[in-house]
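Containing mmCIF, C-alpha atoms: target_38.cif.
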```cif
data_input
loop_
_atom_site.label_atom_id
_atom_site.label_comp_id
_atom_site.auth_asym_id
_atom_site.auth_seq_id
_atom_site.Cartn_x
_atom_site.Cartn_y
_atom_site.Cartn_z
CA MET A 199 0.00 0.00 0.00
CA ARG A 200 2.82 2.37 -0.88
CA ARG A 201 0.32 4.69 -2.55
CA GLY A 202 -1.05 5.53 0.93
CA PHE A 203 -4.68 4.54 0.49
CA LEU A 204 -6.89 1.51 -0.14
CA GLN A 205 -8.74 1.16 -3.45
CA CYS A 206 -12.07 -0.49 -2.67
CA GLY A 207 -14.56 -1.76 -5.27
CA VAL A 208 -18.18 -1.19 -4.24
CA SER A 209 -21.64 -1.24 -5.83
CA GLN A 210 -22.97 1.62 -7.90
CA GLY A 211 -25.41 2.45 -5.14
CA LEU A 212 -27.23 0.07 -2.79
CA ALA A 213 -28.70 1.61 0.34
CA GLY A 214 -27.34 0.06 3.51
CA PHE A 215 -24.34 -1.53 1.79
CA SER A 216 -22.58 1.06 -0.37
CA SER A 217 -24.13 4.27 -1.58
CA PRO A 218 -22.99 7.91 -1.82
CA ASP A 219 -24.91 10.83 -0.30
CA GLU A 220 -25.51 14.15 -2.02
CA ARG A 221 -21.98 15.27 -1.06
CA GLY A 222 -20.44 12.12 -2.49
CA ARG A 223 -19.59 10.51 0.86
CA TRP A 224 -20.09 6.76 0.79
CA SER A 225 -21.78 4.79 3.54
CA GLY A 226 -22.95 1.22 4.17
CA ILE A 227 -21.81 -2.12 5.55
CA ASP A 228 -19.47 -2.80 2.62
CA VAL A 229 -18.06 0.73 2.86
CA ASP A 230 -17.45 0.48 6.61
CA TYR A 231 -15.58 -2.80 6.11
CA CYS A 232 -13.17 -1.04 3.72
CA ARG A 233 -12.76 1.83 6.20
CA ALA A 234 -11.96 -0.80 8.85
CA ILE A 235 -9.16 -2.23 6.70
CA ALA A 236 -7.82 1.27 6.00
CA ALA A 237 -7.81 1.95 9.74
CA ALA A 238 -5.95 -1.33 10.41
CA ILE A 239 -3.29 -0.53 7.81
CA PHE A 240 -2.90 3.24 7.99
CA GLY A 241 -4.43 4.05 11.39
CA ASP A 242 -6.95 6.19 9.48
CA GLY A 243 -10.30 4.90 8.21
CA GLU A 244 -10.53 7.74 5.72
CA LYS A 245 -7.56 6.57 3.67
CA VAL A 246 -9.72 4.67 1.22
CA ARG A 247 -11.13 5.48 -2.21
CA PHE A 248 -14.29 3.89 -3.48
CA ARG A 249 -14.65 2.65 -7.04
CA PRO A 250 -18.28 1.97 -8.05
CA LEU A 251 -18.53 -1.16 -10.19
CA SER A 252 -21.36 -2.92 -11.99
CA ALA A 253 -21.98 -6.60 -11.27
CA LYS A 254 -20.66 -7.39 -14.74
CA ASP A 255 -17.39 -5.44 -14.33
CA ARG A 256 -16.56 -6.14 -10.68
CA PHE A 257 -14.47 -9.30 -11.14
CA THR A 258 -12.45 -7.90 -14.05
CA ALA A 259 -11.63 -4.85 -11.95
CA LEU A 260 -10.33 -7.07 -9.16
CA GLN A 261 -8.39 -9.39 -11.48
CA SER A 262 -6.70 -6.46 -13.25
CA GLY A 263 -5.66 -4.77 -10.00
CA GLU A 264 -7.92 -1.78 -10.57
CA VAL A 265 -9.14 -2.33 -7.01
CA ASP A 266 -7.36 -3.93 -4.02
CA ILE A 267 -10.48 -5.53 -2.66
CA LEU A 268 -14.08 -6.05 -3.75
CA SER A 269 -16.55 -5.21 -1.01
CA ARG A 270 -19.67 -5.24 -3.11
CA ASN A 271 -22.49 -7.49 -1.79
CA THR A 272 -20.91 -10.43 -3.58
CA THR A 273 -22.09 -14.00 -2.95
CA TRP A 274 -19.42 -16.52 -1.95
CA THR A 275 -19.81 -19.42 -4.39
CA MET A 276 -17.54 -22.34 -5.20
CA SER A 277 -16.89 -21.27 -8.78
CA ARG A 278 -15.93 -17.74 -7.78
CA ASP A 279 -13.66 -19.09 -5.07
CA THR A 280 -11.97 -21.79 -7.16
CA GLN A 281 -12.12 -20.76 -10.83
CA LEU A 282 -11.54 -17.00 -10.91
CA GLY A 283 -8.33 -16.73 -8.87
CA PHE A 284 -10.06 -15.17 -5.88
CA ASP A 285 -10.34 -15.77 -2.16
CA PHE A 286 -13.21 -14.70 0.08
CA ALA A 287 -12.30 -13.09 3.39
CA GLY A 288 -15.42 -14.45 5.10
CA VAL A 289 -19.12 -13.62 5.30
CA ILE A 290 -20.09 -10.10 6.26
CA TYR A 291 -23.85 -10.53 5.68
CA TYR A 292 -26.01 -13.66 5.35
CA ASP A 293 -28.69 -12.94 2.78
CA GLY A 294 -31.10 -14.85 0.52
CA GLN A 295 -32.90 -14.12 -2.74
CA ALA A 296 -36.56 -13.10 -2.77
CA PHE A 297 -39.15 -11.44 -5.04
CA MET A 298 -40.97 -8.11 -4.96
CA VAL A 299 -44.33 -7.59 -6.67
CA ARG A 300 -47.00 -4.92 -6.80
CA LYS A 301 -49.74 -5.31 -4.18
CA SER A 302 -52.35 -4.75 -6.87
CA SER A 303 -51.25 -7.99 -8.61
CA GLY A 304 -52.82 -10.07 -5.86
CA ILE A 305 -49.70 -12.29 -5.79
CA THR A 306 -48.80 -13.48 -2.30
CA LYS A 307 -46.57 -16.50 -3.08
CA ALA A 308 -43.61 -16.93 -5.42
CA GLU A 309 -45.21 -19.89 -7.22
CA GLN A 310 -47.98 -17.55 -8.42
CA LEU A 311 -45.35 -15.91 -10.65
CA ALA A 312 -45.74 -18.67 -13.27
CA GLY A 313 -45.74 -17.03 -16.71
CA ALA A 314 -44.56 -13.71 -15.27
CA THR A 315 -41.86 -11.37 -16.53
CA ILE A 316 -39.13 -10.82 -13.93
CA CYS A 317 -36.61 -7.96 -13.86
CA THR A 318 -33.12 -8.50 -12.47
CA GLN A 319 -29.45 -7.59 -12.93
CA THR A 320 -27.28 -9.47 -15.39
CA GLY A 321 -24.05 -11.22 -14.33
CA THR A 322 -25.29 -12.08 -10.84
CA THR A 323 -26.08 -15.24 -8.91
CA THR A 324 -29.58 -13.77 -8.74
CA GLU A 325 -30.06 -14.38 -12.46
CA LEU A 326 -28.85 -17.99 -12.11
CA ASN A 327 -31.01 -18.68 -9.06
CA LEU A 328 -34.03 -17.33 -10.90
CA ALA A 329 -33.51 -19.85 -13.69
CA ASP A 330 -33.03 -22.68 -11.17
CA TYR A 331 -36.19 -21.75 -9.29
CA PHE A 332 -38.53 -21.77 -12.29
CA ARG A 333 -36.87 -24.72 -14.06
CA GLY A 334 -36.97 -26.82 -10.90
CA ARG A 335 -40.73 -26.29 -10.65
CA GLY A 336 -41.48 -26.64 -14.35
CA LEU A 337 -42.81 -23.08 -14.49
CA ASP A 338 -42.55 -20.70 -17.46
CA TYR A 339 -41.20 -17.19 -17.02
CA ARG A 340 -39.52 -14.39 -18.96
CA VAL A 341 -36.53 -12.46 -17.68
CA LEU A 342 -35.52 -8.86 -18.38
CA SER A 343 -31.86 -8.41 -17.35
CA PHE A 344 -30.06 -5.10 -17.02
CA GLU A 345 -26.40 -4.27 -16.48
CA LYS A 346 -27.18 -1.75 -13.75
CA ASN A 347 -29.42 -2.49 -10.84
CA ASP A 348 -31.01 0.97 -11.06
CA GLU A 349 -32.09 0.12 -14.62
CA ALA A 350 -33.74 -3.11 -13.44
CA ILE A 351 -35.63 -1.49 -10.60
CA SER A 352 -36.68 1.40 -12.86
CA ALA A 353 -38.07 -1.04 -15.43
CA TYR A 354 -40.06 -2.79 -12.70
CA ASP A 355 -41.32 0.52 -11.34
CA GLN A 356 -42.49 1.48 -14.83
CA GLY A 357 -44.52 -1.73 -15.11
CA ARG A 358 -42.33 -3.44 -17.72
CA CYS A 359 -42.17 -6.60 -15.59
CA ASP A 360 -44.43 -8.29 -13.08
CA GLY A 361 -41.76 -8.90 -10.44
CA TYR A 362 -38.26 -7.87 -9.44
CA THR A 363 -35.76 -10.16 -7.78
CA THR A 364 -32.49 -9.74 -5.92
CA ASP A 365 -31.22 -10.42 -2.40
CA ALA A 366 -33.88 -9.74 0.23
CA SER A 367 -31.86 -6.91 1.77
CA GLY A 368 -31.58 -5.35 -1.68
CA LEU A 369 -35.34 -5.52 -2.20
CA TYR A 370 -35.98 -3.50 0.95
CA ALA A 371 -33.29 -1.02 -0.09
CA GLU A 372 -34.48 -0.63 -3.69
CA ARG A 373 -38.12 -0.28 -2.67
CA LEU A 374 -37.17 3.03 -1.03
CA LYS A 375 -36.30 4.42 -4.48
CA MET A 376 -39.68 3.72 -6.03
CA GLN A 377 -42.34 6.28 -6.83
CA ARG A 378 -44.76 4.63 -4.36
CA PRO A 379 -42.83 2.20 -2.13
CA GLU A 380 -45.95 1.31 -0.14
CA ASP A 381 -47.58 -0.16 -3.27
CA ASN A 382 -45.03 -3.00 -3.38
CA ILE A 383 -44.47 -6.06 -1.18
CA VAL A 384 -41.62 -8.49 -0.69
CA LEU A 385 -42.86 -12.08 -0.95
CA PRO A 386 -41.98 -14.30 2.04
CA GLU A 387 -40.13 -17.09 0.21
CA ILE A 388 -36.31 -17.12 0.28
CA ILE A 389 -35.14 -19.16 -2.73
CA SER A 390 -31.36 -19.24 -2.22
CA LYS A 391 -28.46 -18.90 0.18
CA GLU A 392 -26.49 -15.69 -0.40
CA PRO A 393 -23.48 -15.45 1.93
CA LEU A 394 -22.08 -12.04 0.99
CA GLY A 395 -18.41 -11.34 1.59
CA PRO A 396 -15.32 -9.32 0.62
CA VAL A 397 -13.17 -10.73 -2.19
CA ILE A 398 -9.41 -10.49 -2.85
CA ARG A 399 -7.03 -11.86 -5.47
CA GLN A 400 -5.19 -15.08 -4.66
CA GLY A 401 -1.41 -15.06 -4.28
CA ASP A 402 -0.83 -12.64 -1.41
CA PRO A 403 -1.11 -14.50 1.92
CA GLN A 404 -0.44 -11.41 4.04
CA TRP A 405 -3.15 -9.40 2.31
CA ALA A 406 -5.54 -12.34 2.72
CA ASP A 407 -4.73 -12.45 6.45
CA ILE A 408 -5.38 -8.72 6.85
CA ALA A 409 -8.72 -8.93 5.01
CA ARG A 410 -9.84 -12.03 6.95
CA TRP A 411 -8.73 -10.87 10.39
CA THR A 412 -10.18 -7.40 9.99
CA LEU A 413 -13.60 -9.01 9.59
CA SER A 414 -12.90 -11.33 12.53
CA ALA A 415 -11.79 -8.37 14.67
CA LEU A 416 -15.11 -6.60 14.05
CA LEU A 417 -17.05 -9.67 15.20
CA ASN A 418 -14.79 -10.43 18.16
CA ALA A 419 -15.06 -6.81 19.30
CA GLU A 420 -18.85 -7.06 19.38
CA GLU A 421 -18.73 -10.39 21.21
CA LEU A 422 -16.46 -8.89 23.88
CA GLY A 423 -18.57 -5.75 24.25
CA ILE A 424 -15.93 -3.43 22.79
CA THR A 425 -17.54 -0.42 21.10
CA SER A 426 -16.52 2.89 19.58
CA GLU A 427 -17.78 4.57 22.75
CA ASN A 428 -15.96 2.46 25.36
CA ILE A 429 -12.78 1.61 23.45
CA GLU A 430 -10.54 3.78 25.68
CA GLU A 431 -12.00 2.26 28.84
CA MET A 432 -11.66 -1.28 27.46
CA ARG A 433 -7.93 -0.73 26.88
CA GLU A 434 -7.56 -1.02 30.66
CA SER A 435 -9.50 -4.29 30.88
CA GLU A 436 -7.98 -7.27 32.71
CA ASN A 437 -9.98 -9.73 30.58
CA PRO A 438 -7.30 -11.73 28.71
CA LEU A 439 -9.53 -12.02 25.61
CA VAL A 440 -9.91 -8.25 25.46
CA ARG A 441 -6.22 -7.67 26.16
CA ARG A 442 -5.14 -9.93 23.28
CA LEU A 443 -7.63 -8.37 20.86
CA LEU A 444 -6.56 -4.84 21.76
CA GLY A 445 -2.84 -5.58 21.60
CA ALA A 446 -2.05 -5.35 25.34
CA GLU A 447 -0.83 -8.98 25.28
CA GLY A 448 0.86 -10.89 22.48
CA SER A 449 1.92 -9.61 19.08
CA TYR A 450 -1.03 -10.56 16.90
CA GLY A 451 -0.96 -7.36 14.85
CA ALA A 452 2.72 -7.85 14.03
CA SER A 453 1.98 -11.40 12.87
CA VAL A 454 0.09 -9.96 9.88
CA GLY A 455 2.32 -6.92 9.42
CA LEU A 456 0.15 -4.45 11.36
CA GLY A 457 0.78 -2.33 14.41
CA PRO A 458 -0.25 -3.33 17.97
CA ASP A 459 -3.22 -0.91 17.93
CA TRP A 460 -4.74 -2.28 14.71
CA VAL A 461 -8.02 -3.33 16.36
CA ILE A 462 -8.21 -0.14 18.41
CA ASP A 463 -7.90 1.85 15.18
CA ILE A 464 -10.62 -0.26 13.56
CA VAL A 465 -13.10 0.21 16.38
CA ARG A 466 -12.37 3.93 16.66
CA ALA A 467 -13.02 4.31 12.94
CA VAL A 468 -16.21 2.26 12.43
CA GLY A 469 -17.18 0.55 15.71
CA ASN A 470 -17.77 -3.20 16.03
CA TYR A 471 -19.82 -5.38 13.66
CA GLY A 472 -23.05 -4.78 15.58
CA GLU A 473 -22.58 -1.02 15.40
CA ILE A 474 -21.96 -1.26 11.65
CA PHE A 475 -25.08 -3.39 11.13
CA GLU A 476 -27.41 -1.21 13.19
CA ARG A 477 -26.09 2.04 11.71
CA ASN A 478 -26.58 0.95 8.11
CA VAL A 479 -29.45 -1.56 7.85
CA GLY A 480 -30.78 -2.08 11.41
CA VAL A 481 -34.29 -1.64 12.75
CA ASP A 482 -33.86 2.09 13.32
CA THR A 483 -32.82 2.76 9.71
CA PRO A 484 -35.16 3.16 6.70
CA LEU A 485 -34.38 -0.49 5.79
CA GLY A 486 -35.48 -1.71 9.24
CA ILE A 487 -33.81 -5.15 9.02
CA GLU A 488 -33.64 -7.43 12.08
CA ARG A 489 -30.29 -9.09 12.88
CA GLY A 490 -31.69 -12.60 12.25
CA LEU A 491 -28.94 -14.89 10.95
CA ASN A 492 -26.54 -11.97 11.20
CA ALA A 493 -26.72 -11.91 14.99
CA LEU A 494 -23.75 -13.28 16.90
CA TRP A 495 -23.77 -17.00 17.64
CA THR A 496 -24.18 -16.07 21.32
CA ASP A 497 -27.47 -14.33 20.41
CA GLY A 498 -29.02 -17.02 18.21
CA GLY A 499 -27.41 -16.04 14.91
CA VAL A 500 -24.60 -17.61 12.89
CA MET A 501 -22.00 -14.83 13.06
CA TYR A 502 -18.90 -16.44 14.54
CA ALA A 503 -15.25 -15.36 14.36
CA PRO A 504 -12.16 -17.44 15.12
CA PRO A 505 -10.53 -16.45 18.41
CA ILE A 506 -7.42 -14.29 18.58
CA ARG A 507 -4.86 -16.19 20.61
#
```
Represent the supplied structure as structure tokens.
Amino acid sequence: MRRGFLQCGVSQGLAGFSSPDERGRWSGIDVDYCRAIAAAIFGDGEKVRFRPLSAKDRFTALQSGEVDILSRNTTWTMSRDTQLGFDFAGVIYYDGQAFMVRKSSGITKAEQLAGATICTQTGTTTELNLADYFRGRGLDYRVLSFEKNDEAISAYDQGRCDGYTTDASGLYAERLKMQRPEDNIVLPEIISKEPLGPVIRQGDPQWADIARWTLSALLNAEELGITSENIEEMRESENPLVRRLLGAEGSYGASVGLGPDWVIDIVRAVGNYGEIFERNVGVDTPLGIERGLNALWTDGGVMYAPPIR
């Protein structure tokens, strides 16, 4: 990182995950993860530049070195992990694909979409899952695919298709952009597993360690009750788990080429995983999403990080 900043590939605008405000400042879960890595490396979460990428272009941008990391609501699949020369740093959000339809259609179940036209984004697992869902049930359908997600949701909003499909979190986010959000519903069926995670190129073990352990640090910080508000107080903790995570014992930062305060810098910059979730997509945000599977394993979810020791 001799250039002095991290180049992070993000979506072209998905509320709660990576989207710019009117001043051009990016926010979202995927954005905060990149700021966390920048904080771990440079001690400053602002030393990151965001490169908006379409679903179609995202992998080429990572392969070519245009971006250092892809933090762009990308599903961890076997083919992406084994055939494209990539590694996934872990899962930052457990999602699943669903459908949105207009209330006036009278459709309440996904199987009632037989014969329907569905809008979606090309080059995504969403498009593949859609084909699997209808083929597996022997149902006819027609798909309208667009390179940009905004084009797909606009086509749906204009009535060019009967339904729109993407990850469930994305449906709630995109509904906010519609002319009359309240006229649309998200159907209850989840038709796929979508473990979303950051992606890096293979061949750099140290970079892979930094990406992986930054995500683990965010989760471990939440599990140990370390927040952006109490981080200074927690530095004095006698809890050996806290002391190792915050660099008071051991040399875990040095083992991946980082300074002893790498986790302190992360938490100061963006908080722990729970703070990131609640700030961007939680129940008090316009998206209003419950933690669900994304709760810590100690709270009934599946979020679990390897220990630092």
### Message
as JSON, numbers by chain, please: the residues near Ser252 (chain A) (cut-off 7 Å, only C-alpha atoms, same-chain neighbours under 6 positions excluded).
### Response
{"A": [209, 210, 345, 346]}
Could you save the residues just selected, with C-alpha atoms, as a PDB file, in the coordinates of the input?
```
ATOM      1  CA  SER A 209     -21.640  -1.240  -5.830  1.00  0.00           C
ATOM      2  CA  GLN A 210     -22.970   1.620  -7.900  1.00  0.00           C
ATOM      3  CA  GLU A 345     -26.400  -4.270 -16.480  1.00  0.00           C
ATOM      4  CA  LYS A 346     -27.180  -1.750 -13.750  1.00  0.00           C
TER       5      LYS A 346
END
```
### Task
Determine the residue set returned by the PyMOL selection byres ((chain A and resi 468) around 10) for the present structure, and present it as a PyMOL selection string.
chain A and resi 227+229-234+237+243+416+425-426+463-467+469-471+473-474+477
### Phe284 (chain A) surroundings by all atoms listed in the file, 7 Å radius, close-in-sequence under 5 positions cut, as a count of residues only
6
### Query
When distances are computed from all atoms listed in the file, which of A:Gln261, A:Thr483, A:Asn492, A:Ser343 shows the smallest separation from Leu374 (chain A)?
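Comparing A:Gln261, A:Thr483, A:Asn492, A:Ser343 against Leu374 (chain A), the winner is A:Thr483.
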### Evaluate the PyMOL selection byres ((chain A and resi 411) around 12) and report residues as a VMD selection string
chain A and resid 231 234 to 235 238 to 239 286 to 289 396 403 to 410 412 to 419 443 450 to 451 453 to 456 460 to 461 464 503 to 506
Using only the atoms of region 408-424 of chain A listed in the file, plus 3 Å on each side, state the axis-aligned box centre and edge lengths in Å rounded to one decimal, as AutoDock Vina command-line options.
```
--center_x -12.1 --center_y -7.7 --center_z 14.6 --size_x 19.5 --size_y 14.6 --size_z 25.2
```
### Task
Calculate how many Å separate CA of Ile316 (chain A) from CA of Met376 (chain A), rounding to one decimal.
16.6 Å
### Message
Which residues are near Asp293 (chain A)? Cut-off 12 Å, only C-alpha atoms, ignore same chain within fewer than 6 positions. Put them as a list in words.
### Response
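Once the nearby chain positions are removed, what remains is Asn271, Thr272, Thr273, Trp274, Thr324, Thr364, Asp365, Ala366, Ser367, Gly368, Leu369, Ile388, Ile389, Ser390, Lys391, Glu392, Pro393, Leu394, Gly395, Ile487, Glu488, Arg489, Gly490, Leu491, Asn492 and Val500 of chain A.
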Got a sec to resolve the PyMOL selection byres ((chain A and resi 386) around 9) on this structure and send the residues as a CSV table (one decimal) with C-alpha atoms, in the frame of the given file?
```csv
chain,number,residue,atom,x,y,z
A,296,ALA,CA,-36.6,-13.1,-2.8
A,297,PHE,CA,-39.2,-11.4,-5.0
A,306,THR,CA,-48.8,-13.5,-2.3
A,307,LYS,CA,-46.6,-16.5,-3.1
A,308,ALA,CA,-43.6,-16.9,-5.4
A,384,VAL,CA,-41.6,-8.5,-0.7
A,385,LEU,CA,-42.9,-12.1,-1.0
A,387,GLU,CA,-40.1,-17.1,0.2
A,388,ILE,CA,-36.3,-17.1,0.3
```
#### Entry: Minimum-distance residue to Gly241 (chain A), chosen among A:Gly207, A:Gly294, A:Pro458, A:Gly401 (using all atoms listed in the file)
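Ranked by minimum distance to Gly241 (chain A), first place goes to A:Pro458.
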### Task
Go through A:Phe257, A:Phe475, A:Phe240, A:Trp495 and flag the residue nearest Arg200 (chain A), using only C-alpha atoms for the distances.
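Nearest to Arg200 (chain A): A:Phe240.
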### Query
At what distance in Å, to one decimal, does CA of Tyr291 (chain A) lie from CA of Lys254 (chain A)?
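A separation of 20.9 Å between them.
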### Query
What separation in Å, quoted to one decimal, exists between CA of Asp255 (chain A) and CA of Val208 (chain A)?
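Separating CA of Asp255 (chain A) from CA of Val208 (chain A) is a distance of 11.0 Å.
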### Residue among A:Asp219, A:Glu447, A:Glu372, A:Glu349 lying closest to Leu485 (chain A), counting all atoms listed in the file
A:Glu372
Per-residue nearest contacts of region 347-368 of chain A to region 326-340 of chain A (10 Å; only C-alpha atoms) as CSV:
```
residue,atom,partner,partner_atom,distance
A:Cys359,CA,A:Arg340,CA,8.9
A:Asp360,CA,A:Arg340,CA,9.8
A:Thr363,CA,A:Leu328,CA,8.0
A:Thr364,CA,A:Leu328,CA,9.2
```
Residues near Lys375 (chain A), anyone? I mean within 10 Å using only C-alpha atoms, not counting same-chain ones fewer than 4 positions away, as a compact mmCIF listing (two decimals) with C-alpha atoms, keeping the file's coordinate frame.
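What ended up in around_16.txt:
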```
# COMPACT_ATOMS: atom_id res chain seq x y z
CA ALA A 213 -28.70 1.61 0.34
CA ASP A 348 -31.01 0.97 -11.06
CA ILE A 351 -35.63 -1.49 -10.60
CA SER A 352 -36.68 1.40 -12.86
CA ASP A 355 -41.32 0.52 -11.34
CA TYR A 370 -35.98 -3.50 0.95
CA ALA A 371 -33.29 -1.02 -0.09
CA PRO A 379 -42.83 2.20 -2.13
```
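Each of A:Glu380, A:Ser449, A:Tyr292, A:Ile462 was compared to Ile429 (chain A) using all atoms listed in the file, and A:Ile462 turns out to be the nearest.
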### Task
Find the residue from A:Arg507, A:Arg441, A:Arg201, A:Arg270 that sits nearest to Val246 (chain A); use all atoms listed in the file when measuring.
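Of A:Arg507, A:Arg441, A:Arg201, A:Arg270, the one nearest Val246 (chain A), counting all atoms listed in the file, is A:Arg201.
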Rebuild region 382-394 of chain A so that it carries N, CA, C and O atoms, then output the result as a PDB file, keeping the file's coordinate frame.
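The resulting out.pdb:
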```
ATOM      1  N   ASN A 382     -45.784  -1.781  -3.036  1.00  0.00           N
ATOM      2  CA  ASN A 382     -45.030  -3.000  -3.380  1.00  0.00           C
ATOM      3  C   ASN A 382     -44.752  -3.829  -2.136  1.00  0.00           C
ATOM      4  O   ASN A 382     -44.531  -3.285  -1.047  1.00  0.00           O
ATOM      5  N   ILE A 383     -44.745  -5.161  -2.308  1.00  0.00           N
ATOM      6  CA  ILE A 383     -44.470  -6.060  -1.180  1.00  0.00           C
ATOM      7  C   ILE A 383     -43.356  -7.024  -1.549  1.00  0.00           C
ATOM      8  O   ILE A 383     -43.155  -7.360  -2.723  1.00  0.00           O
ATOM      9  N   VAL A 384     -42.632  -7.459  -0.522  1.00  0.00           N
ATOM     10  CA  VAL A 384     -41.620  -8.490  -0.690  1.00  0.00           C
ATOM     11  C   VAL A 384     -42.260  -9.824  -0.295  1.00  0.00           C
ATOM     12  O   VAL A 384     -42.780  -9.961   0.817  1.00  0.00           O
ATOM     13  N   LEU A 385     -42.256 -10.768  -1.220  1.00  0.00           N
ATOM     14  CA  LEU A 385     -42.860 -12.080  -0.950  1.00  0.00           C
ATOM     15  C   LEU A 385     -42.037 -12.826   0.106  1.00  0.00           C
ATOM     16  O   LEU A 385     -40.818 -12.640   0.195  1.00  0.00           O
ATOM     17  N   PRO A 386     -42.663 -13.697   0.887  1.00  0.00           N
ATOM     18  CA  PRO A 386     -41.980 -14.300   2.040  1.00  0.00           C
ATOM     19  C   PRO A 386     -40.943 -15.368   1.689  1.00  0.00           C
ATOM     20  O   PRO A 386     -40.048 -15.618   2.487  1.00  0.00           O
ATOM     21  N   GLU A 387     -41.045 -15.987   0.515  1.00  0.00           N
ATOM     22  CA  GLU A 387     -40.130 -17.090   0.210  1.00  0.00           C
ATOM     23  C   GLU A 387     -38.701 -16.616  -0.027  1.00  0.00           C
ATOM     24  O   GLU A 387     -38.463 -15.646  -0.731  1.00  0.00           O
ATOM     25  N   ILE A 388     -37.739 -17.316   0.556  1.00  0.00           N
ATOM     26  CA  ILE A 388     -36.310 -17.120   0.280  1.00  0.00           C
ATOM     27  C   ILE A 388     -35.877 -18.307  -0.565  1.00  0.00           C
ATOM     28  O   ILE A 388     -35.995 -19.463  -0.148  1.00  0.00           O
ATOM     29  N   ILE A 389     -35.379 -18.060  -1.784  1.00  0.00           N
ATOM     30  CA  ILE A 389     -35.140 -19.160  -2.730  1.00  0.00           C
ATOM     31  C   ILE A 389     -33.663 -19.527  -2.853  1.00  0.00           C
ATOM     32  O   ILE A 389     -33.317 -20.395  -3.659  1.00  0.00           O
ATOM     33  N   SER A 390     -32.782 -18.903  -2.089  1.00  0.00           N
ATOM     34  CA  SER A 390     -31.360 -19.240  -2.220  1.00  0.00           C
ATOM     35  C   SER A 390     -30.599 -18.844  -0.963  1.00  0.00           C
ATOM     36  O   SER A 390     -31.099 -18.074  -0.136  1.00  0.00           O
ATOM     37  N   LYS A 391     -29.387 -19.368  -0.844  1.00  0.00           N
ATOM     38  CA  LYS A 391     -28.460 -18.900   0.180  1.00  0.00           C
ATOM     39  C   LYS A 391     -27.522 -17.889  -0.469  1.00  0.00           C
ATOM     40  O   LYS A 391     -26.966 -18.161  -1.531  1.00  0.00           O
ATOM     41  N   GLU A 392     -27.366 -16.738   0.142  1.00  0.00           N
ATOM     42  CA  GLU A 392     -26.490 -15.690  -0.400  1.00  0.00           C
ATOM     43  C   GLU A 392     -25.546 -15.195   0.691  1.00  0.00           C
ATOM     44  O   GLU A 392     -25.763 -14.154   1.307  1.00  0.00           O
ATOM     45  N   PRO A 393     -24.479 -15.955   0.963  1.00  0.00           N
ATOM     46  CA  PRO A 393     -23.480 -15.450   1.930  1.00  0.00           C
ATOM     47  C   PRO A 393     -22.610 -14.391   1.253  1.00  0.00           C
ATOM     48  O   PRO A 393     -21.799 -14.701   0.376  1.00  0.00           O
ATOM     49  N   LEU A 394     -22.786 -13.142   1.639  1.00  0.00           N
ATOM     50  CA  LEU A 394     -22.080 -12.040   0.990  1.00  0.00           C
ATOM     51  C   LEU A 394     -20.764 -11.754   1.717  1.00  0.00           C
ATOM     52  O   LEU A 394     -20.732 -11.703   2.953  1.00  0.00           O
TER      53      LEU A 394
END
```
